[in-house]
2 protein chains.
Amino acid sequence: MAASIEDVARRAGVSIATVSRALRGLPDVAATTRHRVVEAASELDYVASPFAARLASGRTATVGIVVPFINRWFFAEVLAGAETALRQAGFDLLLYNLGDEPGRARFFDVLPLRKRVDAVVVASLVLDADELDALSALGYPVGLLGIAQDGFLSTRIDDIAGARAAVEHLLALGHRRIGVLSGDTDDPMKFTPPLHRLYGYRDAMRAAGIDPDPALESLGYFTIEGGAEGCERMLALSDRPTAIFAESDEMAYGALRTLRRHGLRVPEDVALIGFDDHPTAEVMDLSTIRQPVAEQAVDVATRLLTTLASPARDIAGDVVLPTELVVRGSTDPSRSVY
Amino acid sequence: MAASIEDVARRAGVSIATVSRALRGLPDVAATTRHRVVEAASELDYVASPFAARLASGRTATVGIVVPFINRWFFAEVLAGAETALRQAGFDLLLYNLGDEPGRARFFDVLPLRKRVDAVVVASLVLDADELDALSALGYPVGLLGIAQDGFLSTRIDDIAGARAAVEHLLALGHRRIGVLSGDTDDPMKFTPPLHRLYGYRDAMRAAGIDPDPALESLGYFTIEGGAEGCERMLALSDRPTAIFAESDEMAYGALRTLRRHGLRVPEDVALIGFDDHPTAEVMDLSTIRQPVAEQAVDVATRLLTTLASPARDIAGDVVLPTELVVRGSTDPSRSVY
């Protein structure tokens with residue numbers, strides 16, 4: 001007959017609760033105790049059943065992560081960072097991709113993570129009141145990545161400040177007619193960066209005494225193709241921009257293709273700056289605003305795990321990690337990497 | 001008191017097993033029946049507990065996916081494809097990233113997905129005999145992505161044929177001195193493409209009557225930086241190549257940077273072809289071998305779900321999806337997108 005958790009507890013000389021905590025890798029078990037438990041479990045050939053453990057402890061040793069997209073660089077980095085932090089603490093990661101508006105509605109309606117996780121990370125979504133209520137009603141600790149919200153812990157960058165820094169760099173180089181490639185701020189997925197980076201652009205323009213011209217705000221939908229088409233529309237203007245701020249590096253890549261196809265030199269004819277510091281930005285010689293992505297995920301996941309370990313301790317609050325202007329050849333030829 | 005699964009079954013006029021299957025989105029429940037069950041559950045405000053469901057049915061409605069890396073384009077696409085297919089069928093996705101050699105050893109030792117999933121997808125790993133035994137011993141259907149193995153169902157591309165097509169394209173353009181940027185075939189992570197794409201390169205060279213020159217096989221580790229450095233080493237040769245096949249587009253991007261820094265024109269001085277058709281390959285004007293990534297994940301996930309629905313039906317077997325040569329300006333200036 002298979003060994004039970006009681007057998008392991010007896011052999012290791014600890015309580016059943018301690019065996020359970022130790023084998024699920026939860027914090028606040030001393031290393032020597034954990035070692036003794038693992039030895040005992042191994043000698044008895046004991047296999048922990050997460051289901052049994054959950055029934056006993058109310059814990060699943062699993063964290064749910066909710067993302068609007070998976071196959072965009074940003075979200076892959078978020079998953080990688082969160083997975084590493086969770087795995088090291090002995091937690092599994094259940095992945096929920098909303099995909100589209102019906103997918104999002106279905107997710108918040110059904111809440112498939114109900115009873116399956118101990119905590120939830122939600123990445124880069126502006127949540128409406130009903131969605132926030134649904135998450136709160138789950139009764140799990142919830143961490144937000146990329147956006148702050150009263151009553152939830154969060155880790156993010158300041159998208160407004162980052163965008164402002166990009167536009168201020170273009171202004172400092174003497175540009176006044178500056179276009180922006182943005183996302184759709186009415187997007188039903190309500191993904192945060194499009195909104196905040198557009199505010200940053202407008203703030204910087206106004207601070208320089210320039211009234212933002214709606215003709216210079218072009219939708220690029222955060223994709224390469226969208227950036228290419230948005231840039232095409234700006235070039236068709238009679239009074240076209242001398243510089244473009246793309247709210248993501250991927251949109252900047254599309255703009256770069258359009259500019260090259262029109263035979264325009266970058267930065268001599270049109271200067272270009274992106275946002276993210278995507279892994280290919282250096283190869284593209286693209287100036288950009290670097291943001292720490294995996295670090296945001298590690299920070300929010302680690303703080304969630306701390307909450308789980310010591311629910312009494314209040315670690316809610318908003319952590320803002322810094323962004324950094326990276327100047328390359330697409331705005332300043334003297335800084336070209338080539 | 002909360003409604004029970006029995007209440008839902010009674011109201012919908014179906015068996016408890018059918019309620020369970022319908023609410024977990026498992027196949028072989030008629031659409032009208034599923035609809036009736038969902039209505040009844042909704043009217044009774046019944047919340048399915050995956051744990052209760054598992055205890056009743058032995059099913060978790062969860063598929064585990066095991067990847068060597070998360071934050072590389074290929075694996076993000078795999079996750080996105082698999083997640084979509086699983087979600088539509090009502091399954092959750094538990095994500096396991098091996099990360100490194102100790103992580104891999106720990107994973108196969110502990111098998112954290114034990115008792116937590118109904119099936120497993122393993123992406124792009126050459127599994128050794130012990131690892132295959134461990135997976136088989138779980139007793140779940142296992143699907144392999146990117147590699148075929150007796151006794152497992154698999155979906156992949158033919159990496160050898162794809163690499164051969166890339167090198168044959170360079171040979172057809174008149175190149176004879178062709179370098180290759182490869183991965184480390186001794187990599188303890190035993191990731192398949194490095195091995196097979198190198199075989200394809202050597203096959204094509206030999207078929208053209210050229211003995212592969214070890215000096216022209218340079219390690220690029222499937223990263224941008226690695227590709228840049230591997231290309232640097234080839235350029236230092238007294239008899240440098242006139243063309244380079246990079247086993248991934250990301251390595252090709254690194255090579256492109258090195259070539260530009262040396263003031264070499266692409267393709268006039270050195271022609272360059274990659275592998276993958278990464279989203280930025282068109283912007284880079286990079287010739288490449290296109291592979292269908294999300295499609296491989298959808299195919300293997302869908303066949304696994306079919307196995308779960310009808311365990312008797314034998315759908316093991318190996319599906320090979322086609323790759324395609326995409327010619328752009330980095331090998332043929334007349335095909336440049338600019």
# chains A, B, ... in the order shown; residues from 1 in each chain; ligands from 1
>>> interface_residues(of="chain A", to="chain B", cutoff="6 Å", atoms="only C-alpha atoms", output="PDB file with N, CA and C atoms, in the first residue's frame")
ATOM      1  N   ILE A  70      -0.840  35.905 -26.112  1.00  0.00           N
ATOM      2  CA  ILE A  70       0.355  35.153 -25.719  1.00  0.00           C
ATOM      3  C   ILE A  70       1.500  35.450 -26.667  1.00  0.00           C
ATOM      4  N   ASN A  71       1.197  35.445 -27.965  1.00  0.00           N
ATOM      5  CA  ASN A  71       2.284  35.476 -28.945  1.00  0.00           C
ATOM      6  C   ASN A  71       2.684  36.895 -29.342  1.00  0.00           C
ATOM      7  N   ALA A  76       5.162  37.044 -23.775  1.00  0.00           N
ATOM      8  CA  ALA A  76       6.040  35.876 -23.644  1.00  0.00           C
ATOM      9  C   ALA A  76       7.081  36.141 -22.553  1.00  0.00           C
ATOM     10  N   GLU A  77       7.582  37.371 -22.489  1.00  0.00           N
ATOM     11  CA  GLU A  77       8.544  37.732 -21.439  1.00  0.00           C
ATOM     12  C   GLU A  77       7.873  37.697 -20.063  1.00  0.00           C
ATOM     13  N   ALA A  80       7.511  34.098 -19.038  1.00  0.00           N
ATOM     14  CA  ALA A  80       8.802  33.517 -18.671  1.00  0.00           C
ATOM     15  C   ALA A  80       9.213  33.978 -17.276  1.00  0.00           C
ATOM     16  N   LEU A  93       1.799  26.996 -12.884  1.00  0.00           N
ATOM     17  CA  LEU A  93       1.223  28.153 -13.554  1.00  0.00           C
ATOM     18  C   LEU A  93       0.107  27.691 -14.496  1.00  0.00           C
ATOM     19  N   LEU A  94      -1.101  28.143 -14.261  1.00  0.00           N
ATOM     20  CA  LEU A  94      -2.230  27.885 -15.160  1.00  0.00           C
ATOM     21  C   LEU A  94      -2.402  29.127 -16.017  1.00  0.00           C
ATOM     22  N   LEU A  95      -2.396  28.919 -17.334  1.00  0.00           N
ATOM     23  CA  LEU A  95      -2.367  30.041 -18.265  1.00  0.00           C
ATOM     24  C   LEU A  95      -3.745  30.282 -18.872  1.00  0.00           C
ATOM     25  N   ARG A 257       9.886  50.096 -42.529  1.00  0.00           N
ATOM     26  CA  ARG A 257       9.706  49.504 -43.858  1.00  0.00           C
ATOM     27  C   ARG A 257       9.040  50.505 -44.800  1.00  0.00           C
ATOM     28  N   ARG A 261      10.646  52.136 -48.152  1.00  0.00           N
ATOM     29  CA  ARG A 261       9.987  51.971 -49.452  1.00  0.00           C
ATOM     30  C   ARG A 261       9.744  53.303 -50.141  1.00  0.00           C
ATOM     31  N   VAL A 283      19.506  45.553 -33.487  1.00  0.00           N
ATOM     32  CA  VAL A 283      19.839  45.184 -34.867  1.00  0.00           C
ATOM     33  C   VAL A 283      19.211  46.172 -35.850  1.00  0.00           C
ATOM     34  N   TYR A 338      26.152  51.074 -36.294  1.00  0.00           N
ATOM     35  CA  TYR A 338      26.894  50.571 -37.465  1.00  0.00           C
ATOM     36  C   TYR A 338      28.039  51.487 -37.831  1.00  0.00           C
TER      37      TYR A 338
END
>>> select_by_dssp(residues="range 229-297 of chain A", states="alpha helix (DSSP H)", output="count of residues only")
25
>>> atom_distance(atom1="CA of Ile289 in chain B", atom2="CA of Ala166 in chain B")
6.6 Å
>>> residues_around(residues="Gly146 in chain B", least_positions_apart="2", cutoff="9 Å", atoms="only C-alpha atoms", output="ChimeraX atom specification")
/B:122-125,144,148,154-159,192-193,296
>>> residues_around(residues="Asp239 in chain A", least_positions_apart="2", cutoff="12 Å", atoms="only C-alpha atoms", output="list in words")
Arg176, Arg177, Ile178, Gly179, Asp213, Ala215, Leu216, Arg233, Met234, Leu235, Ala236, Leu237, Pro241 and Thr242 of chain A
>>> select_by_dssp(residues="range 181-269 of chain B", states="strand (DSSP E or B)", output="PyMOL selection string")
chain B and resi 181-182+191+217-219+243-246
>>> write_last_selection(atoms="N, CA, C and O atoms", output="mmCIF file, in the first residue's frame")
data_model
loop_
_atom_site.group_PDB
_atom_site.id
_atom_site.type_symbol
_atom_site.label_atom_id
_atom_site.label_comp_id
_atom_site.auth_asym_id
_atom_site.auth_seq_id
_atom_site.Cartn_x
_atom_site.Cartn_y
_atom_site.Cartn_z
ATOM 1 N N LEU B 181 25.337 28.962 -39.540
ATOM 2 C CA LEU B 181 25.257 29.344 -38.126
ATOM 3 C C LEU B 181 24.337 28.342 -37.470
ATOM 4 O O LEU B 181 23.146 28.281 -37.774
ATOM 5 N N SER B 182 24.897 27.556 -36.556
ATOM 6 C CA SER B 182 24.119 26.453 -35.999
ATOM 7 C C SER B 182 23.981 26.598 -34.493
ATOM 8 O O SER B 182 24.551 27.497 -33.876
ATOM 9 N N PHE B 191 17.692 20.164 -27.824
ATOM 10 C CA PHE B 191 16.616 20.837 -28.529
ATOM 11 C C PHE B 191 16.790 20.380 -29.991
ATOM 12 O O PHE B 191 17.905 20.348 -30.496
ATOM 13 N N GLU B 217 31.316 25.913 -40.161
ATOM 14 C CA GLU B 217 30.202 25.609 -39.252
ATOM 15 C C GLU B 217 30.471 26.355 -37.951
ATOM 16 O O GLU B 217 31.375 26.018 -37.205
ATOM 17 N N SER B 218 29.687 27.389 -37.702
ATOM 18 C CA SER B 218 29.976 28.290 -36.590
ATOM 19 C C SER B 218 28.794 28.289 -35.623
ATOM 20 O O SER B 218 27.636 28.366 -36.029
ATOM 21 N N LEU B 219 29.084 28.203 -34.330
ATOM 22 C CA LEU B 219 28.009 28.151 -33.333
ATOM 23 C C LEU B 219 27.365 29.517 -33.156
ATOM 24 O O LEU B 219 28.056 30.511 -32.970
ATOM 25 N N ALA B 243 28.225 33.161 -48.780
ATOM 26 C CA ALA B 243 26.816 33.052 -48.374
ATOM 27 C C ALA B 243 26.748 32.358 -47.021
ATOM 28 O O ALA B 243 27.618 31.549 -46.691
ATOM 29 N N ILE B 244 25.721 32.711 -46.243
ATOM 30 C CA ILE B 244 25.538 32.113 -44.913
ATOM 31 C C ILE B 244 24.101 31.642 -44.758
ATOM 32 O O ILE B 244 23.156 32.372 -45.076
ATOM 33 N N PHE B 245 23.979 30.397 -44.271
ATOM 34 C CA PHE B 245 22.673 29.878 -43.866
ATOM 35 C C PHE B 245 22.629 29.924 -42.333
ATOM 36 O O PHE B 245 23.425 29.273 -41.671
ATOM 37 N N ALA B 246 21.708 30.722 -41.783
ATOM 38 C CA ALA B 246 21.514 30.772 -40.330
ATOM 39 C C ALA B 246 20.341 29.852 -40.003
ATOM 40 O O ALA B 246 19.280 29.963 -40.625
#
>>> atom_distance(atom1="CA of Thr18 in chain B", atom2="CA of Ala40 in chain B")
12.6 Å
>>> atom_distance(atom1="CA of Pro194 in chain B", atom2="CA of Phe222 in chain B")
8.2 Å
>>> closest_residue(among="B:Asp133, B:Asp249, B:Asp100, B:Asp299", to="Ser287 in chain B", atoms="only C-alpha atoms")
B:Asp249
>>> residues_around(residues="Val120 in chain B", least_positions_apart="4", cutoff="8 Å", atoms="only C-alpha atoms", output="list in words")
Val63, Gly64, Ile65, Val66, Tyr140, Pro141, Val142 and Gly143 of chain B
>>> residues_around(residues="range 329-333 of chain A", least_positions_apart="5", cutoff="8 Å", atoms="only C-alpha atoms", output="MDAnalysis selection string")
chainID A and resid 170 266:267 271:273 285:287
>>> decode(residues="range 149-161 of chain B", atoms="all heavy atoms", output="short mmCIF file (atom, residue, chain, number, x, y, z; two decimals), in the first residue's frame")
data_model
loop_
_atom_site.label_atom_id
_atom_site.label_comp_id
_atom_site.auth_asym_id
_atom_site.auth_seq_id
_atom_site.Cartn_x
_atom_site.Cartn_y
_atom_site.Cartn_z
N GLN B 149 8.65 10.15 -32.38
CA GLN B 149 9.19 9.12 -31.49
C GLN B 149 8.21 7.95 -31.51
O GLN B 149 7.00 8.17 -31.36
CB GLN B 149 9.29 9.73 -30.07
CG GLN B 149 10.04 8.93 -29.07
CD GLN B 149 11.54 9.04 -29.23
OE1 GLN B 149 12.04 10.12 -29.46
NE2 GLN B 149 12.24 7.93 -29.13
N ASP B 150 8.72 6.74 -31.69
CA ASP B 150 7.84 5.56 -31.73
C ASP B 150 6.91 5.53 -30.53
O ASP B 150 7.36 5.70 -29.39
CB ASP B 150 8.68 4.28 -31.72
CG ASP B 150 9.04 3.86 -33.14
OD1 ASP B 150 8.52 4.51 -34.08
OD2 ASP B 150 9.82 2.91 -33.30
N GLY B 151 5.64 5.27 -30.80
CA GLY B 151 4.68 5.07 -29.70
C GLY B 151 4.03 6.35 -29.21
O GLY B 151 3.20 6.30 -28.32
N PHE B 152 4.46 7.51 -29.76
CA PHE B 152 3.84 8.77 -29.35
C PHE B 152 3.25 9.44 -30.60
O PHE B 152 3.79 9.29 -31.68
CB PHE B 152 4.88 9.72 -28.75
CG PHE B 152 5.42 9.24 -27.43
CD1 PHE B 152 6.56 8.44 -27.38
CD2 PHE B 152 4.80 9.59 -26.25
CE1 PHE B 152 7.06 8.00 -26.15
CE2 PHE B 152 5.29 9.16 -25.02
CZ PHE B 152 6.43 8.36 -24.97
N LEU B 153 2.18 10.17 -30.41
CA LEU B 153 1.73 10.95 -31.56
C LEU B 153 2.57 12.22 -31.64
O LEU B 153 3.04 12.73 -30.62
CB LEU B 153 0.22 11.22 -31.51
CG LEU B 153 -0.43 12.10 -30.47
CD1 LEU B 153 -0.40 13.55 -30.94
CD2 LEU B 153 -1.88 11.67 -30.28
N SER B 154 2.78 12.70 -32.85
CA SER B 154 3.66 13.86 -33.03
C SER B 154 3.23 14.70 -34.21
O SER B 154 2.62 14.20 -35.15
CB SER B 154 5.11 13.40 -33.23
OG SER B 154 5.18 12.46 -34.29
N THR B 155 3.56 15.99 -34.12
CA THR B 155 3.39 16.91 -35.24
C THR B 155 4.67 17.71 -35.34
O THR B 155 5.20 18.18 -34.32
CB THR B 155 2.21 17.88 -35.01
OG1 THR B 155 1.04 17.12 -34.71
CG2 THR B 155 1.97 18.73 -36.24
N ARG B 156 5.17 17.87 -36.54
CA ARG B 156 6.47 18.53 -36.69
C ARG B 156 6.62 19.03 -38.11
O ARG B 156 5.73 18.85 -38.95
CB ARG B 156 7.58 17.53 -36.36
CG ARG B 156 7.55 16.32 -37.27
CD ARG B 156 8.56 15.25 -36.85
NE ARG B 156 8.46 14.11 -37.73
CZ ARG B 156 9.27 13.86 -38.77
NH1 ARG B 156 10.26 14.69 -39.05
NH2 ARG B 156 9.09 12.82 -39.55
N ILE B 157 7.72 19.69 -38.36
CA ILE B 157 8.14 19.96 -39.73
C ILE B 157 9.32 19.05 -39.99
O ILE B 157 9.86 18.42 -39.07
CB ILE B 157 8.54 21.43 -39.94
CG1 ILE B 157 9.67 21.83 -38.96
CG2 ILE B 157 7.35 22.36 -39.78
CD1 ILE B 157 10.39 23.11 -39.32
N ASP B 158 9.76 19.01 -41.25
CA ASP B 158 10.97 18.25 -41.59
C ASP B 158 12.11 19.26 -41.60
O ASP B 158 12.34 19.96 -42.58
CB ASP B 158 10.77 17.58 -42.95
CG ASP B 158 11.96 16.69 -43.31
OD1 ASP B 158 13.06 16.88 -42.74
OD2 ASP B 158 11.78 15.81 -44.17
N ASP B 159 12.81 19.36 -40.46
CA ASP B 159 13.90 20.34 -40.33
C ASP B 159 15.04 20.07 -41.31
O ASP B 159 15.69 20.99 -41.80
CB ASP B 159 14.45 20.34 -38.90
CG ASP B 159 13.58 21.15 -37.94
OD1 ASP B 159 13.51 22.38 -38.11
OD2 ASP B 159 12.97 20.54 -37.04
N ILE B 160 15.28 18.78 -41.57
CA ILE B 160 16.38 18.43 -42.49
C ILE B 160 16.04 18.93 -43.90
O ILE B 160 16.84 19.61 -44.54
CB ILE B 160 16.62 16.90 -42.47
CG1 ILE B 160 17.05 16.47 -41.06
CG2 ILE B 160 17.67 16.51 -43.52
CD1 ILE B 160 17.27 14.97 -40.89
N ALA B 161 14.81 18.64 -44.35
CA ALA B 161 14.40 19.06 -45.70
C ALA B 161 14.36 20.58 -45.80
O ALA B 161 14.75 21.16 -46.82
CB ALA B 161 13.04 18.47 -46.04
#
